[in-house]
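Have a look at model_26.txt; it's compact mmCIF, C-alpha atoms and all ligand atoms:
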```
# COMPACT_ATOMS: atom_id res chain seq x y z
CA MET A 183 -13.96 -10.45 2.26
CA LYS A 184 -12.85 -7.16 3.75
CA LEU A 185 -9.08 -7.21 3.89
CA ILE A 186 -6.15 -5.00 4.82
CA ILE A 187 -2.57 -5.62 3.74
CA MET A 188 0.13 -4.03 5.89
CA GLY A 189 3.90 -3.95 5.61
CA ALA A 190 6.82 -1.52 5.47
CA PRO A 191 7.42 0.59 2.36
CA GLY A 192 9.06 -1.74 -0.18
CA SER A 193 7.72 -4.88 1.54
CA GLY A 194 5.93 -5.92 -1.64
CA LYS A 195 2.44 -5.26 -0.37
CA GLY A 196 1.33 -3.53 -3.57
CA THR A 197 2.50 -6.51 -5.65
CA GLN A 198 0.76 -9.02 -3.38
CA ALA A 199 -2.36 -6.85 -3.20
CA ALA A 200 -2.70 -6.94 -7.00
CA ILE A 201 -2.42 -10.76 -7.02
CA ILE A 202 -4.94 -11.22 -4.19
CA CYS A 203 -7.44 -8.91 -5.89
CA LYS A 204 -7.17 -10.78 -9.16
CA THR A 205 -7.58 -14.18 -7.49
CA HIS A 206 -10.55 -13.16 -5.35
CA ASN A 207 -12.03 -10.55 -7.67
CA LEU A 208 -11.81 -7.74 -5.12
CA PRO A 209 -11.35 -4.01 -5.73
CA HIS A 210 -7.73 -3.05 -4.96
CA ILE A 211 -7.77 0.18 -3.00
CA SER A 212 -4.30 1.67 -2.75
CA THR A 213 -4.31 5.13 -1.18
CA GLY A 214 -0.80 5.69 -2.58
CA ASP A 215 -1.99 4.92 -6.15
CA ILE A 216 -5.05 7.15 -5.73
CA LEU A 217 -2.87 10.00 -4.44
CA ARG A 218 -0.28 9.59 -7.25
CA LYS A 219 -3.08 9.57 -9.83
CA ASN A 220 -4.41 12.82 -8.33
CA ILE A 221 -0.94 14.36 -8.55
CA ALA A 222 -0.55 13.24 -12.18
CA ASP A 223 -4.01 14.67 -12.99
CA GLY A 224 -3.25 17.95 -11.18
CA THR A 225 -6.33 17.82 -8.91
CA ALA A 226 -6.73 19.94 -5.75
CA LEU A 227 -6.18 16.84 -3.61
CA GLY A 228 -3.02 16.03 -5.58
CA LYS A 229 -1.68 19.54 -5.02
CA GLN A 230 -2.28 19.24 -1.28
CA ALA A 231 -0.70 15.78 -1.04
CA LYS A 232 2.41 16.22 -3.22
CA SER A 233 4.75 18.01 -0.81
CA PHE A 234 4.07 15.50 1.96
CA MET A 235 4.63 12.52 -0.33
CA ASP A 236 7.80 13.90 -1.91
CA ALA A 237 9.26 14.36 1.58
CA GLY A 238 8.32 10.81 2.61
CA LYS A 239 5.84 12.14 5.16
CA LEU A 240 2.28 11.01 5.71
CA VAL A 241 -0.50 12.92 4.01
CA PRO A 242 -2.73 14.37 6.79
CA ASP A 243 -5.31 11.94 8.20
CA GLU A 244 -8.35 14.12 7.31
CA LEU A 245 -7.45 14.09 3.60
CA VAL A 246 -6.76 10.37 3.41
CA VAL A 247 -9.73 9.32 5.53
CA ALA A 248 -12.11 11.39 3.36
CA LEU A 249 -10.63 9.89 0.20
CA LEU A 250 -10.87 6.35 1.58
CA LYS A 251 -14.43 6.79 2.83
CA ASP A 252 -15.57 8.01 -0.61
CA ARG A 253 -13.94 5.04 -2.29
CA ILE A 254 -15.20 2.39 0.12
CA GLU A 255 -18.78 3.63 -0.22
CA GLN A 256 -18.79 2.92 -3.98
CA PRO A 257 -21.08 0.01 -4.93
CA ASP A 258 -18.19 -2.23 -6.07
CA CYS A 259 -16.93 -2.37 -2.47
CA ALA A 260 -20.19 -3.64 -0.96
CA GLU A 261 -19.12 -7.32 -1.01
CA GLY A 262 -15.50 -6.80 -0.10
CA PHE A 263 -12.22 -5.04 -0.93
CA LEU A 264 -8.55 -4.99 -0.14
CA LEU A 265 -6.96 -1.92 1.41
CA ASP A 266 -3.30 -1.38 0.51
CA GLY A 267 -1.49 1.43 2.35
CA PHE A 268 -4.42 2.28 4.61
CA PRO A 269 -4.65 2.60 7.58
CA ARG A 270 -1.21 4.04 8.34
CA THR A 271 -1.94 5.69 11.69
CA LYS A 272 -3.98 4.83 14.78
CA ALA A 273 -6.39 7.68 13.89
CA GLN A 274 -6.95 6.16 10.43
CA ALA A 275 -7.53 2.71 11.95
CA ASP A 276 -10.08 4.17 14.37
CA ALA A 277 -11.83 6.00 11.52
CA LEU A 278 -11.93 2.80 9.47
CA ALA A 279 -13.44 0.85 12.37
CA GLN A 280 -16.31 3.36 12.36
CA ILE A 281 -17.01 2.61 8.67
CA VAL A 282 -16.60 -1.21 8.34
CA LYS A 283 -15.52 -4.34 10.14
CA ILE A 284 -12.30 -5.82 8.75
CA ASP A 285 -12.14 -9.64 8.42
CA VAL A 286 -8.38 -10.14 8.06
CA ALA A 287 -5.37 -7.82 8.41
CA LEU A 288 -2.43 -9.40 6.56
CA ASN A 289 0.98 -8.24 7.74
CA LEU A 290 4.07 -8.79 5.56
CA GLU A 291 7.09 -9.21 7.83
CA THR A 292 10.35 -7.99 6.28
CA ASP A 293 14.00 -7.21 7.06
CA LEU A 294 14.01 -3.44 7.29
CA ASP A 295 17.66 -3.22 6.17
CA LYS A 296 16.89 -4.88 2.80
CA LEU A 297 14.03 -2.60 1.86
CA ALA A 298 16.04 0.45 0.77
CA ASP A 299 17.60 -1.62 -2.07
CA ARG A 300 14.23 -2.90 -3.21
CA MET A 301 12.88 0.64 -3.43
CA ALA A 302 15.90 1.93 -5.36
CA SER A 303 15.13 -0.49 -8.20
CA ARG A 304 11.33 -0.09 -8.11
CA ARG A 305 9.59 1.17 -11.28
CA VAL A 306 5.91 2.11 -11.41
CA CYS A 307 3.27 3.00 -13.97
CA LEU A 308 1.47 6.19 -12.93
CA LYS A 309 -1.44 5.41 -15.23
CA CYS A 310 -2.52 2.00 -13.87
CA GLY A 311 -0.44 1.49 -10.71
CA TYR A 312 1.50 -1.52 -12.05
CA THR A 313 4.73 -1.98 -10.07
CA THR A 314 7.87 -3.86 -11.07
CA SER A 315 11.66 -3.56 -10.83
CA ALA A 316 14.29 -2.17 -13.20
CA GLN A 317 15.64 -5.74 -13.60
CA ASP A 318 12.26 -7.19 -14.56
CA ALA A 319 11.32 -4.41 -16.99
CA PRO A 320 14.51 -3.35 -18.80
CA ASP A 321 12.46 -1.76 -21.62
CA GLY A 322 10.79 0.65 -19.17
CA ILE A 323 7.29 -0.17 -20.49
CA CYS A 324 4.26 -1.12 -18.37
CA LYS A 325 3.27 -4.74 -19.05
CA ALA A 326 -0.30 -4.02 -17.99
CA CYS A 327 -1.18 -0.95 -20.07
CA GLY A 328 1.81 -0.03 -22.28
CA ASP A 329 2.49 3.36 -20.67
CA LYS A 330 6.02 4.28 -19.59
CA LEU A 331 7.42 3.20 -16.21
CA VAL A 332 8.96 5.81 -13.92
CA ILE A 333 10.92 6.02 -10.66
CA ARG A 334 8.66 7.34 -7.91
CA ASP A 335 9.70 10.76 -6.57
CA ASP A 336 9.69 9.29 -3.05
CA ASP A 337 11.92 6.31 -3.92
CA LYS A 338 15.09 8.44 -3.75
CA ARG A 339 17.50 7.27 -1.03
CA GLU A 340 17.12 10.33 1.24
CA VAL A 341 13.33 10.05 1.16
CA VAL A 342 13.28 6.28 1.63
CA GLU A 343 15.03 6.62 4.97
CA ASN A 344 12.34 9.02 6.12
CA ARG A 345 9.54 6.72 4.96
CA LEU A 346 11.02 3.81 6.92
CA LYS A 347 11.18 6.02 10.01
CA VAL A 348 7.59 7.18 9.56
CA TYR A 349 6.55 3.55 9.14
CA ALA A 350 8.27 2.46 12.36
CA GLU A 351 6.76 5.31 14.36
CA ASN A 352 3.21 5.48 13.01
CA THR A 353 2.29 2.32 11.19
CA ALA A 354 4.17 -0.59 12.80
CA PRO A 355 2.10 -0.18 16.02
CA LEU A 356 -1.02 -1.11 14.01
CA VAL A 357 0.20 -4.71 13.97
CA GLU A 358 -0.62 -4.86 17.70
CA TYR A 359 -3.87 -2.99 17.08
CA TYR A 360 -5.11 -5.71 14.71
CA ARG A 361 -3.70 -8.51 16.85
CA ALA A 362 -5.80 -7.18 19.71
CA ALA A 363 -8.82 -7.07 17.39
CA GLY A 364 -8.24 -10.79 16.66
CA VAL A 365 -7.86 -10.40 12.87
CA LEU A 366 -4.06 -10.33 12.39
CA ALA A 367 -2.34 -12.78 10.00
CA ASN A 368 1.48 -12.53 9.81
CA VAL A 369 3.21 -13.63 6.61
CA ASP A 370 6.95 -13.90 5.88
CA GLY A 371 7.49 -11.23 3.20
CA MET A 372 11.13 -12.10 2.43
CA GLN A 373 10.28 -15.11 0.22
CA SER A 374 9.72 -15.08 -3.57
CA ILE A 375 6.58 -13.29 -4.86
CA GLU A 376 5.01 -16.69 -5.52
CA ASP A 377 5.76 -18.13 -2.07
CA VAL A 378 4.53 -15.01 -0.29
CA ASN A 379 1.29 -15.36 -2.24
CA LYS A 380 0.99 -19.04 -1.21
CA ALA A 381 1.46 -18.10 2.44
CA ILE A 382 -1.21 -15.40 2.10
CA GLU A 383 -3.70 -17.82 0.54
CA ALA A 384 -3.04 -20.30 3.35
CA ALA A 385 -3.69 -17.56 5.91
CA LEU A 386 -6.95 -16.54 4.23
CA LYS A 387 -8.39 -20.09 4.43
P1 LIG B 1 4.81 2.60 0.16
O1 LIG B 1 3.99 1.70 1.02
O2 LIG B 1 5.81 1.89 -0.66
O3 LIG B 1 5.41 3.75 0.95
P2 LIG B 1 2.42 3.90 -0.95
O4 LIG B 1 2.14 4.06 -2.39
O5 LIG B 1 1.48 3.10 -0.14
O6 LIG B 1 3.88 3.31 -0.91
O7 LIG B 1 2.52 5.37 -0.27
C1 LIG B 1 3.30 6.41 -0.80
C2 LIG B 1 3.08 7.71 -0.03
O8 LIG B 1 1.70 8.12 -0.16
C3 LIG B 1 3.32 7.65 1.47
O9 LIG B 1 4.67 7.84 1.80
C4 LIG B 1 2.43 8.82 1.96
O10 LIG B 1 3.04 10.07 1.74
C5 LIG B 1 1.22 8.73 1.03
N1 LIG B 1 0.15 7.89 1.61
C6 LIG B 1 -0.35 6.75 1.07
N2 LIG B 1 -1.31 6.21 1.86
C7 LIG B 1 -1.40 7.02 2.95
C8 LIG B 1 -2.17 7.00 4.14
N3 LIG B 1 -3.04 6.02 4.40
N4 LIG B 1 -1.99 8.01 5.04
C9 LIG B 1 -1.12 9.01 4.81
N5 LIG B 1 -0.35 9.08 3.72
C10 LIG B 1 -0.47 8.10 2.78
ZN ZN B 2 0.24 0.77 -16.69
```
Rewrite the structure from the file as C-alpha cells, please.
Amino acid sequence: MKLIIMGAPGSGKGTQAAIICKTHNLPHISTGDILRKNIADGTALGKQAKSFMDAGKLVPDELVVALLKDRIEQPDCAEGFLLDGFPRTKAQADALAQIVKIDVALNLETDLDKLADRMASRRVCLKCGYTTSAQDAPDGICKACGDKLVIRDDDKREVVENRLKVYAENTAPLVEYYRAAGVLANVDGMQSIEDVNKAIEAALK
C-alpha cells in the first residue's frame, strides 16, 4: 500500500499516520519529523530548513523533494509506505508522481477555526516524533521513548496563523489534484482519535 495522508496543520494527521503504520506495518515518512530531526542534529539540511520552519513557511521544494526521494528509495519502502506532510505543493505532487504511483490519498477534513487551539496544546518528542497534548502528558515525558516533550517552535500563535494560510494557498488545492487522479478518500477529522481511525480503516478497504 502506497498511501498519503493530507490535512491542515493540527488536523491530527501525524497521530493517525502513526496508528495506520502500526496496524499495516508500513514505514511512516513524515517530512516534518525528518526536518526537525535534522535541525536537532545540526545537519546542513537542518540549518537550511530551520528559518523557513520557524516562520511557518514551506521549506523549498528542491530540498524536500530530494529528501523524500532518498527516503522512498530505501529498501523498506519497496512494498509500501505512508507519506505524512508530503506533498504540500503542486510541484511536490508532480515530482512524487514521477517516482511512484499512489494508491490512496487520505484527506482529514477539519474546522480550520479549531486548529489553532489544538496546536497551542501540542507537545512533541524531537527524538522519536511522538506527538501528544499537554493535557494527555502532564509529566512532559515521551510515552514512546522516555525523552522530554517540547513545544514546537512553529506552534506559537503568530506562526500558526501563517501555517494555516500557507496550507490554504499551497496544500488545500491538492485535494482536487488527488480527486482528479481517482485516489482521494475524505475522512471527517473532527471526531475522536479512535473514530477517525475507524473511518480511515473503512476507507482503506
Ligand atoms: P504540520 O502539518 O502540523 O504543519 P509538519 O511536521 O508536517 O507539521 O510540518 C512542519 C513544518 O515543516 C512545515 O510548516 C514546513 O515548514 C516544513 N515541512 C514539512 N514538510 C514539508 C514539505 N513537504 N514541503 C515543505 N515544507 C515542509
Ligand atoms: Zn520519544
> Interatomic distance between CA of Leu217 in chain A and atom C7 of ligand LIG 1 (chain B)?
Replying inline: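 Answer for the CA of Leu217 in chain A to atom C7 of ligand LIG 1 (chain B) separation: 8.1 Å.
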> At what distance in Å, to one decimal, does CA of Asp258 in chain A lie from CA of Thr314 in chain A?
Replying inline: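 These two atoms are separated by 26.6 Å.
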> Around (-7.6, -4.4, 4.4) in the file's own coordinates, what residues are found within 6 Å if you use only C-alpha atoms, given back as number ranges by chain?
Replying inline: A: 184-187, 264-265, 287
>> One number please: atom N2 of ligand LIG 1 (chain B) to CA of Lys239 in chain A, in Å, one decimal.
In response: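 Going from atom N2 of ligand LIG 1 (chain B) over to CA of Lys239 in chain A covers 9.9 Å.
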> Do you know which residues are within 10 Å of ligand ZN 2 (chain B) using all atoms listed in the file? Can you write them as a list in words?
Replying inline: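 After applying the 10 Å limit, what remains is Val306, Cys307, Leu308, Lys309, Cys310, Gly311, Tyr312, Thr313, Ile323, Cys324, Lys325, Ala326, Cys327, Gly328, Asp329, Lys330 and Leu331 of chain A.
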>> What's around Ala385 in chain A at 10 Å? Count all atoms listed in the file, leave out sequence neighbours fewer than 4 positions away in its own chain, and write the answer as an MDAnalysis selection string.
In response: chainID A and resid 286 288 366:369 379:381
Once you count only C-alpha atoms and all ligand atoms, what closest atom pair and distance in Å to one decimal does each residue of chain A within 7 Å of ligand LIG 1 (chain B) have, with rows by chain and rising residue number, as JSON lines?
```
{"residue": "A:Ala190", "atom": "CA", "partner": "B:LIG1", "partner_atom": "O1", "distance": 6.2}
{"residue": "A:Pro191", "atom": "CA", "partner": "B:LIG1", "partner_atom": "O2", "distance": 3.7}
{"residue": "A:Gly192", "atom": "CA", "partner": "B:LIG1", "partner_atom": "O2", "distance": 4.9}
{"residue": "A:Ser212", "atom": "CA", "partner": "B:LIG1", "partner_atom": "O5", "distance": 6.5}
{"residue": "A:Thr213", "atom": "CA", "partner": "B:LIG1", "partner_atom": "N2", "distance": 4.4}
{"residue": "A:Gly214", "atom": "CA", "partner": "B:LIG1", "partner_atom": "O4", "distance": 3.4}
{"residue": "A:Asp215", "atom": "CA", "partner": "B:LIG1", "partner_atom": "O4", "distance": 5.7}
{"residue": "A:Leu217", "atom": "CA", "partner": "B:LIG1", "partner_atom": "O8", "distance": 6.5}
{"residue": "A:Phe234", "atom": "CA", "partner": "B:LIG1", "partner_atom": "O10", "distance": 5.5}
{"residue": "A:Met235", "atom": "CA", "partner": "B:LIG1", "partner_atom": "O10", "distance": 3.6}
{"residue": "A:Gly238", "atom": "CA", "partner": "B:LIG1", "partner_atom": "O9", "distance": 4.8}
{"residue": "A:Lys239", "atom": "CA", "partner": "B:LIG1", "partner_atom": "O10", "distance": 4.9}
{"residue": "A:Leu240", "atom": "CA", "partner": "B:LIG1", "partner_atom": "N5", "distance": 3.8}
{"residue": "A:Val241", "atom": "CA", "partner": "B:LIG1", "partner_atom": "N5", "distance": 3.9}
{"residue": "A:Pro242", "atom": "CA", "partner": "B:LIG1", "partner_atom": "C9", "distance": 5.9}
{"residue": "A:Asp243", "atom": "CA", "partner": "B:LIG1", "partner_atom": "N4", "distance": 6.0}
{"residue": "A:Val246", "atom": "CA", "partner": "B:LIG1", "partner_atom": "N4", "distance": 5.6}
{"residue": "A:Asp266", "atom": "CA", "partner": "B:LIG1", "partner_atom": "O5", "distance": 6.6}
{"residue": "A:Gly267", "atom": "CA", "partner": "B:LIG1", "partner_atom": "O5", "distance": 4.2}
{"residue": "A:Phe268", "atom": "CA", "partner": "B:LIG1", "partner_atom": "N3", "distance": 4.0}
{"residue": "A:Pro269", "atom": "CA", "partner": "B:LIG1", "partner_atom": "N3", "distance": 4.9}
{"residue": "A:Arg270", "atom": "CA", "partner": "B:LIG1", "partner_atom": "N3", "distance": 4.8}
{"residue": "A:Arg345", "atom": "CA", "partner": "B:LIG1", "partner_atom": "O9", "distance": 5.9}
```
> Hey, which of A:Lys229, A:Lys338, A:Lys283, A:Arg253 ends up closest to Ala302 in chain A? Count all atoms listed in the file.
Replying inline: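 When distances to Ala302 in chain A are compared using all atoms listed in the file, the smallest one comes from A:Lys338.
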>> Which residues are near Arg334 in chain A? Cut-off 8 Å, all atoms listed in the file, ignore same chain within fewer than 2 positions. Put them as a ChimeraX atom specification.
In response: /A:304-306,332,336-338
> Near Lys232 in chain A, within 8 Å and counting only C-alpha atoms, which residues show up once chain neighbours fewer than 4 positions away are dropped, as a list of chain:residue names?
Replying inline: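 The residues satisfying every condition are A:Ile221, A:Gly228, A:Asp236.
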>> With distances taken over all atoms listed in the file, which residue among A:Asp318, A:Glu261, A:Asp299, A:Glu376 lies nearest Leu208 in chain A?
In response: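 Among the listed residues, A:Glu261 lies closest to Leu208 in chain A.
Of the residues under consideration (A:Asn207, A:Ser233, A:Met372, A:Ala222), A:Met372 shows the shortest atom-to-atom contact distance to Asp295 in chain A when counting all atoms listed in the file.
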Write range 205-219 of chain A as a compact mmCIF listing (two decimals), in the frame of the given file, completed to N, CA, C and O atoms.
```
# COMPACT_ATOMS: atom_id res chain seq x y z
N THR A 205 -7.11 -12.84 -7.88
CA THR A 205 -7.58 -14.18 -7.49
C THR A 205 -9.00 -14.15 -6.92
O THR A 205 -9.81 -15.01 -7.24
N HIS A 206 -9.27 -13.17 -6.06
CA HIS A 206 -10.55 -13.16 -5.35
C HIS A 206 -11.54 -12.15 -5.92
O HIS A 206 -12.59 -11.93 -5.33
N ASN A 207 -11.16 -11.52 -7.02
CA ASN A 207 -12.03 -10.55 -7.67
C ASN A 207 -12.50 -9.44 -6.71
O ASN A 207 -13.69 -9.21 -6.53
N LEU A 208 -11.51 -8.81 -6.07
CA LEU A 208 -11.81 -7.74 -5.12
C LEU A 208 -11.28 -6.42 -5.67
O LEU A 208 -10.25 -6.39 -6.34
N PRO A 209 -11.95 -5.30 -5.37
CA PRO A 209 -11.35 -4.01 -5.73
C PRO A 209 -10.07 -3.77 -4.91
O PRO A 209 -10.06 -4.01 -3.70
N HIS A 210 -9.02 -3.33 -5.60
CA HIS A 210 -7.73 -3.05 -4.96
C HIS A 210 -7.69 -1.56 -4.65
O HIS A 210 -7.60 -0.74 -5.55
N ILE A 211 -7.74 -1.23 -3.37
CA ILE A 211 -7.77 0.18 -3.00
C ILE A 211 -6.44 0.58 -2.39
O ILE A 211 -6.15 0.29 -1.23
N SER A 212 -5.60 1.21 -3.21
CA SER A 212 -4.30 1.67 -2.75
C SER A 212 -4.36 3.19 -2.60
O SER A 212 -4.51 3.91 -3.59
N THR A 213 -4.26 3.67 -1.37
CA THR A 213 -4.31 5.13 -1.18
C THR A 213 -3.12 5.80 -1.87
O THR A 213 -3.27 6.89 -2.42
N GLY A 214 -1.96 5.12 -1.88
CA GLY A 214 -0.80 5.69 -2.58
C GLY A 214 -1.08 5.86 -4.07
O GLY A 214 -0.79 6.91 -4.66
N ASP A 215 -1.66 4.83 -4.71
CA ASP A 215 -1.99 4.92 -6.15
C ASP A 215 -3.00 6.04 -6.39
O ASP A 215 -2.89 6.79 -7.37
N ILE A 216 -4.01 6.12 -5.54
CA ILE A 216 -5.05 7.15 -5.73
C ILE A 216 -4.42 8.55 -5.61
O ILE A 216 -4.68 9.44 -6.41
N LEU A 217 -3.53 8.70 -4.62
CA LEU A 217 -2.87 10.00 -4.44
C LEU A 217 -1.96 10.33 -5.63
O LEU A 217 -1.97 11.45 -6.14
N ARG A 218 -1.17 9.34 -6.09
CA ARG A 218 -0.28 9.59 -7.25
C ARG A 218 -1.07 9.92 -8.49
O ARG A 218 -0.67 10.77 -9.29
N LYS A 219 -2.23 9.28 -8.67
CA LYS A 219 -3.08 9.57 -9.83
C LYS A 219 -3.58 11.02 -9.73
O LYS A 219 -3.62 11.75 -10.73
```
